[in-house]
>>> print(open('run-v9.cif').read())   # mmCIF, C-alpha atoms
data_model
loop_
_atom_site.label_atom_id
_atom_site.label_comp_id
_atom_site.auth_asym_id
_atom_site.auth_seq_id
_atom_site.Cartn_x
_atom_site.Cartn_y
_atom_site.Cartn_z
CA MET A 28 -93.33 7.98 -6.27
CA ASP A 29 -93.72 4.26 -6.21
CA GLY A 30 -97.40 3.39 -5.69
CA LEU A 31 -96.70 0.78 -3.03
CA LEU A 32 -94.61 3.24 -1.08
CA LEU A 33 -97.35 5.83 -1.25
CA VAL A 34 -99.93 3.33 0.04
CA SER A 35 -97.51 2.30 2.80
CA ILE A 36 -97.11 5.90 3.92
CA LEU A 37 -100.85 6.60 3.76
CA THR A 38 -101.65 3.65 6.04
CA GLU A 39 -99.81 5.45 8.85
CA PRO A 40 -102.25 8.33 9.60
CA VAL A 41 -105.24 5.97 9.30
CA SER A 42 -103.64 3.54 11.75
CA ALA A 43 -102.71 6.43 14.05
CA VAL A 44 -106.29 7.73 14.17
CA ILE A 45 -107.63 4.26 15.05
CA SER A 46 -104.91 3.90 17.68
CA PHE A 47 -105.91 7.25 19.23
CA ALA A 48 -109.59 6.21 19.22
CA ILE A 49 -108.79 3.00 21.12
CA GLY A 50 -106.52 4.93 23.46
CA TYR A 51 -109.29 7.42 24.12
CA TYR A 52 -111.78 4.70 24.92
CA ALA A 53 -109.28 2.98 27.22
CA TYR A 54 -108.83 6.30 29.05
CA LYS A 55 -112.58 6.77 29.31
CA SER A 56 -112.81 3.29 30.80
CA PHE A 57 -109.97 4.07 33.19
CA ARG A 58 -111.66 7.28 34.35
CA MET A 59 -114.80 5.35 35.16
CA SER A 60 -113.22 2.30 36.79
CA SER A 61 -109.81 3.57 38.06
CA ILE A 62 -108.27 0.28 36.88
CA ARG A 63 -104.52 0.77 36.25
CA ARG A 64 -104.34 -1.80 33.45
CA LEU A 65 -106.78 0.26 31.41
CA PHE A 66 -104.52 3.29 31.87
CA LEU A 67 -101.54 1.25 30.60
CA LEU A 68 -103.61 0.19 27.61
CA HIS A 69 -104.50 3.87 27.01
CA LEU A 70 -100.83 4.89 27.21
CA GLY A 71 -99.82 2.04 24.90
CA PHE A 72 -102.26 2.98 22.13
CA VAL A 73 -101.59 6.72 22.45
CA ILE A 74 -97.80 6.18 22.23
CA LEU A 75 -98.30 3.86 19.25
CA GLY A 76 -100.50 6.51 17.59
CA VAL A 77 -97.90 9.23 18.25
CA ALA A 78 -95.14 7.01 16.80
CA LEU A 79 -97.16 6.31 13.62
CA LEU A 80 -98.10 9.96 13.21
CA LEU A 81 -94.51 11.12 13.80
CA ARG A 82 -93.23 8.84 11.03
CA PHE A 83 -95.95 10.02 8.64
CA VAL A 84 -95.38 13.72 9.40
CA THR A 85 -91.58 13.39 9.24
CA PHE A 86 -91.62 11.50 5.95
CA SER A 87 -94.24 13.77 4.37
CA PHE A 88 -92.21 16.81 5.43
CA LEU A 89 -88.99 15.38 3.97
CA THR A 90 -90.83 14.52 0.74
CA SER A 91 -92.27 18.03 0.46
CA LEU A 92 -88.81 19.61 0.85
CA ARG A 93 -87.76 18.07 -2.52
CA PHE A 94 -84.14 17.58 -1.57
CA SER A 95 -81.59 16.35 -4.05
CA GLU A 96 -80.36 12.77 -3.71
CA LEU A 97 -77.10 14.05 -2.19
CA GLU A 98 -78.94 16.17 0.36
CA ILE A 99 -81.14 13.24 1.28
CA ARG A 100 -78.13 11.03 1.82
CA SER A 101 -76.62 13.65 4.12
CA LEU A 102 -79.79 13.50 6.18
CA LEU A 103 -79.59 9.75 6.54
CA ARG A 104 -78.13 9.96 10.02
CA ILE A 105 -80.98 12.17 11.26
CA VAL A 106 -83.59 9.88 9.68
CA SER A 107 -81.86 6.87 11.26
CA MET A 108 -82.24 8.61 14.59
CA GLY A 109 -85.91 9.32 13.81
CA GLY A 110 -86.39 5.67 12.97
CA LEU A 111 -84.82 4.72 16.25
CA VAL A 112 -87.19 7.07 18.11
CA PHE A 113 -90.16 5.63 16.18
CA SER A 114 -89.18 2.02 16.84
CA SER A 115 -88.43 2.77 20.48
CA LEU A 116 -91.80 4.45 20.99
CA ARG A 117 -93.51 1.45 19.44
CA LEU A 118 -91.51 -0.85 21.68
CA VAL A 119 -92.63 1.13 24.72
CA ALA A 120 -96.24 0.77 23.52
CA TYR A 121 -95.82 -3.01 23.17
CA VAL A 122 -94.22 -3.26 26.59
CA LEU A 123 -97.24 -1.40 28.00
CA PHE A 124 -99.59 -3.82 26.21
CA SER A 125 -97.71 -6.78 27.65
CA ILE A 126 -97.82 -5.25 31.14
CA SER A 127 -101.54 -4.62 30.82
CA TYR A 128 -101.86 -8.33 30.06
CA THR A 129 -99.70 -9.47 32.96
CA SER A 130 -100.57 -7.04 35.75
CA PRO A 131 -102.59 -8.48 38.55
CA PRO A 132 -106.26 -7.46 38.46
CA GLU A 133 -107.10 -4.20 39.74
CA SER A 134 -98.43 4.58 13.67
CA LEU A 135 -84.44 12.01 -14.46
CA ASP A 136 -84.70 15.46 -13.10
CA LYS A 137 -83.91 16.64 -9.64
CA ASP A 138 -87.33 15.67 -8.31
CA GLU A 139 -87.27 12.29 -10.00
CA LYS A 140 -83.84 11.56 -8.57
CA MET A 141 -85.13 12.43 -5.18
CA LEU A 142 -88.18 10.21 -5.64
CA ALA A 143 -86.02 7.33 -6.77
CA VAL A 144 -84.17 7.22 -3.47
CA LEU A 145 -87.27 7.63 -1.32
CA PRO A 146 -88.05 3.91 -0.86
CA GLY A 147 -84.54 3.25 0.43
CA PHE A 148 -84.84 6.33 2.59
CA TYR A 149 -88.10 5.10 4.03
CA LEU A 150 -86.52 1.76 4.87
CA VAL A 151 -84.11 3.48 7.24
CA PHE A 152 -87.06 3.79 9.59
CA PHE A 153 -86.86 0.06 10.14
CA ASN A 154 -84.21 -1.11 12.53
CA PRO A 155 -83.86 -4.93 12.36
CA PHE A 156 -82.78 -5.25 15.98
CA LEU A 157 -85.73 -3.23 17.31
CA GLU A 158 -88.07 -5.08 14.94
CA LEU A 159 -86.84 -8.33 16.46
CA MET A 160 -87.47 -7.01 19.97
CA SER A 161 -90.93 -5.78 18.92
CA LEU A 162 -91.60 -9.21 17.47
CA ALA A 163 -90.70 -10.92 20.74
CA ILE A 164 -92.84 -8.61 22.88
CA ILE A 165 -95.85 -8.59 20.58
CA GLY A 166 -95.46 -12.38 20.30
CA TYR A 167 -95.96 -12.59 24.03
CA VAL A 168 -99.02 -10.31 23.80
CA VAL A 169 -100.47 -12.52 21.03
CA ALA A 170 -99.95 -15.63 23.17
CA ARG A 171 -101.78 -13.97 26.09
CA ALA A 172 -104.59 -12.80 23.79
CA LEU A 173 -104.87 -16.34 22.40
CA LEU A 174 -105.16 -17.84 25.89
CA LEU A 175 -107.77 -15.25 26.77
CA PHE A 176 -109.78 -16.06 23.66
CA ILE A 177 -109.59 -19.82 24.32
CA TYR A 178 -110.80 -19.19 27.86
CA LYS A 179 -113.51 -16.60 27.10
CA ARG A 180 -114.68 -17.57 23.59
CA ASP A 181 -115.81 -14.00 23.14
CA GLY A 182 -116.14 -12.17 19.81
CA ASN A 183 -114.38 -9.04 21.04
CA SER A 184 -111.48 -11.09 22.45
CA LEU A 185 -111.15 -12.73 19.02
CA LEU A 186 -110.95 -9.30 17.37
CA VAL A 187 -108.23 -8.22 19.83
CA LEU A 188 -106.37 -11.49 19.12
CA LEU A 189 -106.64 -10.88 15.35
CA GLY A 190 -105.45 -7.27 15.83
CA PHE A 191 -102.34 -8.25 17.77
CA THR A 192 -101.68 -11.19 15.41
CA CYS A 193 -101.66 -8.73 12.49
CA PHE A 194 -99.15 -6.55 14.40
CA PHE A 195 -97.00 -9.64 14.95
CA THR A 196 -97.18 -10.63 11.26
CA SER A 197 -96.36 -7.06 10.16
CA HIS A 198 -93.17 -7.16 12.26
CA LEU A 199 -92.21 -10.44 10.59
CA PHE A 200 -92.52 -8.64 7.23
CA PHE A 201 -90.65 -5.54 8.48
CA LEU A 202 -87.84 -7.75 9.76
CA PHE A 203 -87.20 -9.11 6.26
CA THR A 204 -87.69 -5.78 4.45
CA THR A 205 -83.93 -5.57 3.78
CA ILE A 206 -84.24 -8.75 1.67
CA ALA A 207 -87.32 -7.70 -0.31
CA GLU A 208 -88.60 -4.10 -0.12
CA ARG A 209 -92.10 -5.22 -1.12
CA LEU A 210 -92.40 -6.82 2.30
CA MET A 211 -92.49 -3.36 3.83
CA PHE A 212 -95.68 -2.61 1.90
CA LEU A 213 -97.19 -5.93 2.97
CA GLY A 214 -96.22 -5.23 6.56
CA GLN A 215 -97.89 -1.81 6.50
CA VAL A 216 -101.10 -3.23 5.03
CA VAL A 217 -101.20 -6.09 7.54
CA GLN A 218 -100.62 -3.57 10.33
CA LEU A 219 -103.52 -1.49 9.02
CA PHE A 220 -105.72 -4.60 9.06
CA GLY A 221 -104.72 -5.07 12.70
CA PHE A 222 -105.97 -1.58 13.51
CA ILE A 223 -109.18 -2.26 11.55
CA PHE A 224 -109.82 -5.30 13.76
CA PHE A 225 -109.41 -3.07 16.81
CA LEU A 226 -111.77 -0.52 15.26
CA ILE A 227 -114.43 -3.21 14.69
CA MET A 228 -114.05 -4.29 18.31
CA LEU A 229 -114.45 -0.68 19.46
CA THR A 230 -117.55 -0.22 17.30
CA ARG A 231 -119.08 -3.39 18.73
CA VAL A 232 -118.29 -2.31 22.27
CA THR A 233 -119.83 1.16 21.88
CA ARG A 234 -123.02 -0.48 20.65
CA THR A 235 -123.30 -2.53 23.85
CA GLY A 236 -125.90 -1.65 26.38
CA MET B 15 -107.39 -20.92 54.57
CA THR B 16 -110.26 -18.79 53.34
CA ALA B 17 -110.63 -17.84 49.71
CA SER B 18 -110.14 -14.09 49.24
CA LYS B 19 -113.05 -12.12 47.80
CA PRO B 20 -112.46 -10.94 44.23
CA TYR B 21 -111.65 -7.21 44.08
CA ARG B 22 -114.61 -5.01 43.19
CA SER B 23 -113.91 -1.50 41.94
CA LYS B 24 -116.07 1.37 43.19
CA ALA B 25 -117.55 1.65 39.68
CA ARG B 26 -118.47 -2.05 39.84
CA ILE B 27 -120.16 -1.61 43.24
CA TYR B 28 -122.16 1.37 41.87
CA PHE B 29 -123.13 -0.73 38.85
CA ASP B 30 -124.23 -3.64 41.07
CA ILE B 31 -126.36 -1.35 43.25
CA LEU B 32 -127.97 0.40 40.27
CA THR B 33 -128.60 -2.90 38.47
CA LYS B 34 -130.22 -4.37 41.56
CA ILE B 35 -132.60 -1.40 41.82
CA VAL B 36 -133.47 -1.75 38.10
CA GLU B 37 -134.06 -5.49 38.56
CA GLU B 38 -136.48 -4.66 41.33
CA GLY B 39 -138.51 -2.58 38.89
CA GLY B 40 -136.58 0.68 39.15
CA ARG B 41 -137.41 1.17 42.83
CA ALA B 42 -135.94 -0.76 45.77
CA GLY B 43 -135.52 -0.56 49.52
CA PRO B 44 -132.13 -0.82 51.28
CA THR B 45 -132.62 -4.43 52.42
CA ARG B 46 -133.19 -5.67 48.86
CA ILE B 47 -130.17 -3.74 47.62
CA LEU B 48 -128.08 -4.99 50.55
CA TYR B 49 -128.50 -8.62 49.61
CA GLY B 50 -128.42 -8.05 45.88
CA ALA B 51 -125.24 -5.95 45.91
CA ASN B 52 -123.57 -8.14 48.56
CA LEU B 53 -122.46 -5.30 50.86
CA SER B 54 -122.40 -4.59 54.58
CA HIS B 55 -124.97 -2.11 55.90
CA ASP B 56 -122.36 0.57 56.62
CA ARG B 57 -120.77 0.31 53.18
CA LEU B 58 -124.15 0.30 51.48
CA THR B 59 -125.22 3.47 53.34
CA LYS B 60 -121.96 5.17 52.29
CA HIS B 61 -122.36 4.14 48.64
CA LEU B 62 -126.03 5.11 48.51
CA THR B 63 -125.15 8.60 49.80
CA GLN B 64 -122.45 8.88 47.11
CA LEU B 65 -124.88 7.71 44.42
CA ILE B 66 -127.42 10.35 45.54
CA ASN B 67 -124.71 13.05 45.49
CA LEU B 68 -123.72 11.97 41.96
CA GLY B 69 -127.36 12.18 40.87
CA LEU B 70 -127.48 8.52 39.88
CA ILE B 71 -130.33 7.68 42.27
CA VAL B 72 -132.91 9.59 44.29
CA GLU B 73 -134.28 8.78 47.71
CA GLU B 74 -138.01 8.54 48.20
CA LYS B 75 -139.75 8.24 51.56
CA GLU B 76 -143.09 6.47 51.92
CA TYR B 77 -144.44 6.50 55.47
CA ASP B 78 -141.56 5.08 57.50
CA ARG B 79 -139.94 3.26 54.57
CA VAL B 80 -137.17 4.48 52.30
CA PHE B 81 -136.88 3.60 48.61
CA TYR B 82 -134.22 4.35 46.05
CA ILE B 83 -135.02 5.14 42.41
CA VAL B 84 -132.53 5.09 39.52
CA THR B 85 -132.43 8.41 37.64
CA GLU B 86 -131.88 8.86 33.89
CA LYS B 87 -128.24 9.66 34.68
CA GLY B 88 -128.11 6.39 36.59
CA MET B 89 -129.50 4.50 33.61
CA ASN B 90 -126.84 6.09 31.39
CA TYR B 91 -124.22 5.01 33.92
CA ILE B 92 -125.38 1.38 33.69
CA GLN B 93 -125.20 1.52 29.88
CA GLU B 94 -121.74 3.13 29.90
CA PHE B 95 -120.46 0.64 32.45
CA ARG B 96 -121.62 -2.27 30.26
CA ARG B 97 -119.67 -0.75 27.35
CA ILE B 98 -116.44 -0.32 29.29
CA GLN B 99 -116.89 -3.79 30.75
CA ALA B 100 -117.12 -5.26 27.22
CA PHE B 101 -114.07 -3.22 26.14
CA ALA B 102 -111.97 -4.28 29.13
CA LYS B 103 -113.11 -7.88 28.81
CA ALA B 104 -111.81 -7.98 25.21
CA PHE B 105 -108.33 -7.31 26.64
CA GLY B 106 -108.81 -9.69 29.56
CA ILE B 107 -109.12 -6.90 32.12
CA PRO B 108 -111.74 -7.50 34.78
CA VAL B 109 -113.73 -4.40 35.78
#
>>> encode(input="run-v9.cif", output="structure tokens")
Amino acid sequence: MDGLLLVSILTEPVSAVISFAIGYYAYKSFRMSSIRRLFLLHLGFVILGVALLLRFVTFSFLTSLRFSELEIRSLLRIVSMGGLVFSSLRLVAYVLFSISYTSPPESLDKDEKMLAVLPGFYLVFFNPFLELMSLAIIGYVVARALLLFIYKRDGNSLLVLLGFTCFFTSHLFFLFTTIAERLMFLGQVVQLFGFIFFLIMLTRVTRTG
Amino acid sequence: MTASKPYRSKARIYFDILTKIVEEGGRAGPTRILYGANLSHDRLTKHLTQLINLGLIVEEKEYDRVFYIVTEKGMNYIQEFRRIQAFAKAFGIPV
């Protein structure tokens, strides 16, 4: 399998785990404070984690089945549907993030033939229209995070801003994946960096006190 | 028109009370807490009872005076609250 594709796929579970960790901490914070916006943040990161994990599990499962190229093509419709579910879940997560920012206070032989079509197969997960919608919503979240950082000048706010900016940039790459497949790999890596920024923020926060 | 008071969550009020007691050297009377935590007498009494029930503070009587002492659980609460405050602040969420 193409090395870039493999790296792209492997970024998913790592990103999902980080997303779940942030979601867990947001829930912990919600339990303590009963602030609804923290619950929305929790839901957003958990849904994002589920979406990333679903794509990883689905793609790994399909890869392990070792279908022929013809069989894979016949599954294209199902995978398209899976991609739609994935993108929709991610959209829901972004909507929740934006709400949490706006509410008032209170993730050749037979085998070789199969592997050759995998990158194209993987691309089906990306729906340009939903990517565009994701881009718009996450763009709004980035703008809010930027305003917050300008106002607060706080290290953790900067890390959140960098995290969401990476998500935004990754969607820009995903949007143009149909033009150059390599952009998908770049998008996945940038997305992973976004999650790493969130992880650093979480580590800093848990050391407070 | 009067400016409305910013909303304070119950967790925030508990944190303010506990912090005030710690600032007073880990032991404080109700009057000190009253002014420090910016609460009415009735609300303070209610919150102090809840804090005792949660094991975050203990009541100590000395002659006719009452003092409140922050327990280890209370100290952990302060620390945990600071963490969630820093987390929420990073997302622009006031706690």
>>> closest_atom_pairs(input="run-v9.cif", of="chain A", to="chain B", cutoff="9 Å", atoms="only C-alpha atoms", output="JSON lines")
{"residue": "A:Tyr52", "atom": "CA", "partner": "B:Ile98", "partner_atom": "CA", "distance": 8.1}
{"residue": "A:Ala53", "atom": "CA", "partner": "B:Phe101", "partner_atom": "CA", "distance": 7.9}
{"residue": "A:Lys55", "atom": "CA", "partner": "B:Ile98", "partner_atom": "CA", "distance": 8.1}
{"residue": "A:Ser56", "atom": "CA", "partner": "B:Ile98", "partner_atom": "CA", "distance": 5.3}
{"residue": "A:Phe57", "atom": "CA", "partner": "B:Ile98", "partner_atom": "CA", "distance": 8.7}
{"residue": "A:Met59", "atom": "CA", "partner": "B:Ala25", "partner_atom": "CA", "distance": 6.5}
{"residue": "A:Ser60", "atom": "CA", "partner": "B:Ala25", "partner_atom": "CA", "distance": 5.2}
{"residue": "A:Ser61", "atom": "CA", "partner": "B:Ser23", "partner_atom": "CA", "distance": 7.6}
{"residue": "A:Ile62", "atom": "CA", "partner": "B:Val109", "partner_atom": "CA", "distance": 7.3}
{"residue": "A:Arg64", "atom": "CA", "partner": "B:Ile107", "partner_atom": "CA", "distance": 7.1}
{"residue": "A:Leu65", "atom": "CA", "partner": "B:Ala102", "partner_atom": "CA", "distance": 7.3}
{"residue": "A:Leu68", "atom": "CA", "partner": "B:Phe105", "partner_atom": "CA", "distance": 8.9}
{"residue": "A:Ser127", "atom": "CA", "partner": "B:Ile107", "partner_atom": "CA", "distance": 8.0}
{"residue": "A:Tyr128", "atom": "CA", "partner": "B:Gly106", "partner_atom": "CA", "distance": 7.1}
{"residue": "A:Pro132", "atom": "CA", "partner": "B:Pro108", "partner_atom": "CA", "distance": 6.6}
{"residue": "A:Glu133", "atom": "CA", "partner": "B:Tyr21", "partner_atom": "CA", "distance": 7.0}
{"residue": "A:Arg171", "atom": "CA", "partner": "B:Gly106", "partner_atom": "CA", "distance": 8.9}
{"residue": "A:Ala172", "atom": "CA", "partner": "B:Phe105", "partner_atom": "CA", "distance": 7.2}
{"residue": "A:Leu175", "atom": "CA", "partner": "B:Gly106", "partner_atom": "CA", "distance": 6.3}
{"residue": "A:Phe176", "atom": "CA", "partner": "B:Ala104", "partner_atom": "CA", "distance": 8.5}
{"residue": "A:Lys179", "atom": "CA", "partner": "B:Gly106", "partner_atom": "CA", "distance": 8.7}
{"residue": "A:Asp181", "atom": "CA", "partner": "B:Ala104", "partner_atom": "CA", "distance": 7.5}
{"residue": "A:Gly182", "atom": "CA", "partner": "B:Ala104", "partner_atom": "CA", "distance": 8.1}
{"residue": "A:Asn183", "atom": "CA", "partner": "B:Ala104", "partner_atom": "CA", "distance": 5.0}
{"residue": "A:Ser184", "atom": "CA", "partner": "B:Ala104", "partner_atom": "CA", "distance": 4.2}
{"residue": "A:Leu185", "atom": "CA", "partner": "B:Ala104", "partner_atom": "CA", "distance": 7.8}
{"residue": "A:Leu186", "atom": "CA", "partner": "B:Ala104", "partner_atom": "CA", "distance": 8.0}
{"residue": "A:Val187", "atom": "CA", "partner": "B:Ala104", "partner_atom": "CA", "distance": 6.5}
{"residue": "A:Leu188", "atom": "CA", "partner": "B:Phe105", "partner_atom": "CA", "distance": 8.8}
{"residue": "A:Met228", "atom": "CA", "partner": "B:Phe101", "partner_atom": "CA", "distance": 7.9}
{"residue": "A:Leu229", "atom": "CA", "partner": "B:Phe101", "partner_atom": "CA", "distance": 7.2}
{"residue": "A:Arg231", "atom": "CA", "partner": "B:Ala100", "partner_atom": "CA", "distance": 8.9}
{"residue": "A:Val232", "atom": "CA", "partner": "B:Arg97", "partner_atom": "CA", "distance": 5.5}
{"residue": "A:Thr233", "atom": "CA", "partner": "B:Arg97", "partner_atom": "CA", "distance": 5.8}
{"residue": "A:Arg234", "atom": "CA", "partner": "B:Arg97", "partner_atom": "CA", "distance": 7.5}
{"residue": "A:Thr235", "atom": "CA", "partner": "B:Arg97", "partner_atom": "CA", "distance": 5.3}
{"residue": "A:Gly236", "atom": "CA", "partner": "B:Gln93", "partner_atom": "CA", "distance": 4.8}
>>> atom_distance(input="run-v9.cif", atom1="CA of His69 in chain A", atom2="CA of Tyr54 in chain A")
5.4 Å
>>> axis_aligned_box(input="run-v9.cif", around="range 56-64 of chain B", padding_each_side="4 Å", output="JSON")
{"center_x": -123.4, "center_y": 4.6, "center_z": 51.9, "size_x": 13.3, "size_y": 16.6, "size_z": 17.5}
>>> closest_residue(input="run-v9.cif", among="A:Thr204, A:Ile126, A:Ile36, A:Leu103", to="Phe66 in chain A", atoms="only C-alpha atoms")
A:Ile126
>>> residues_around(input="run-v9.cif", residues="Ser197 in chain A", least_positions_apart="2", cutoff="8 Å", atoms="all atoms listed in the file", output="list in words")
Cys193, Phe194, Phe195, Leu199, Phe200, Phe201, Leu213, Gly214, Gln215, Val216, Val217 and Gln218 of chain A
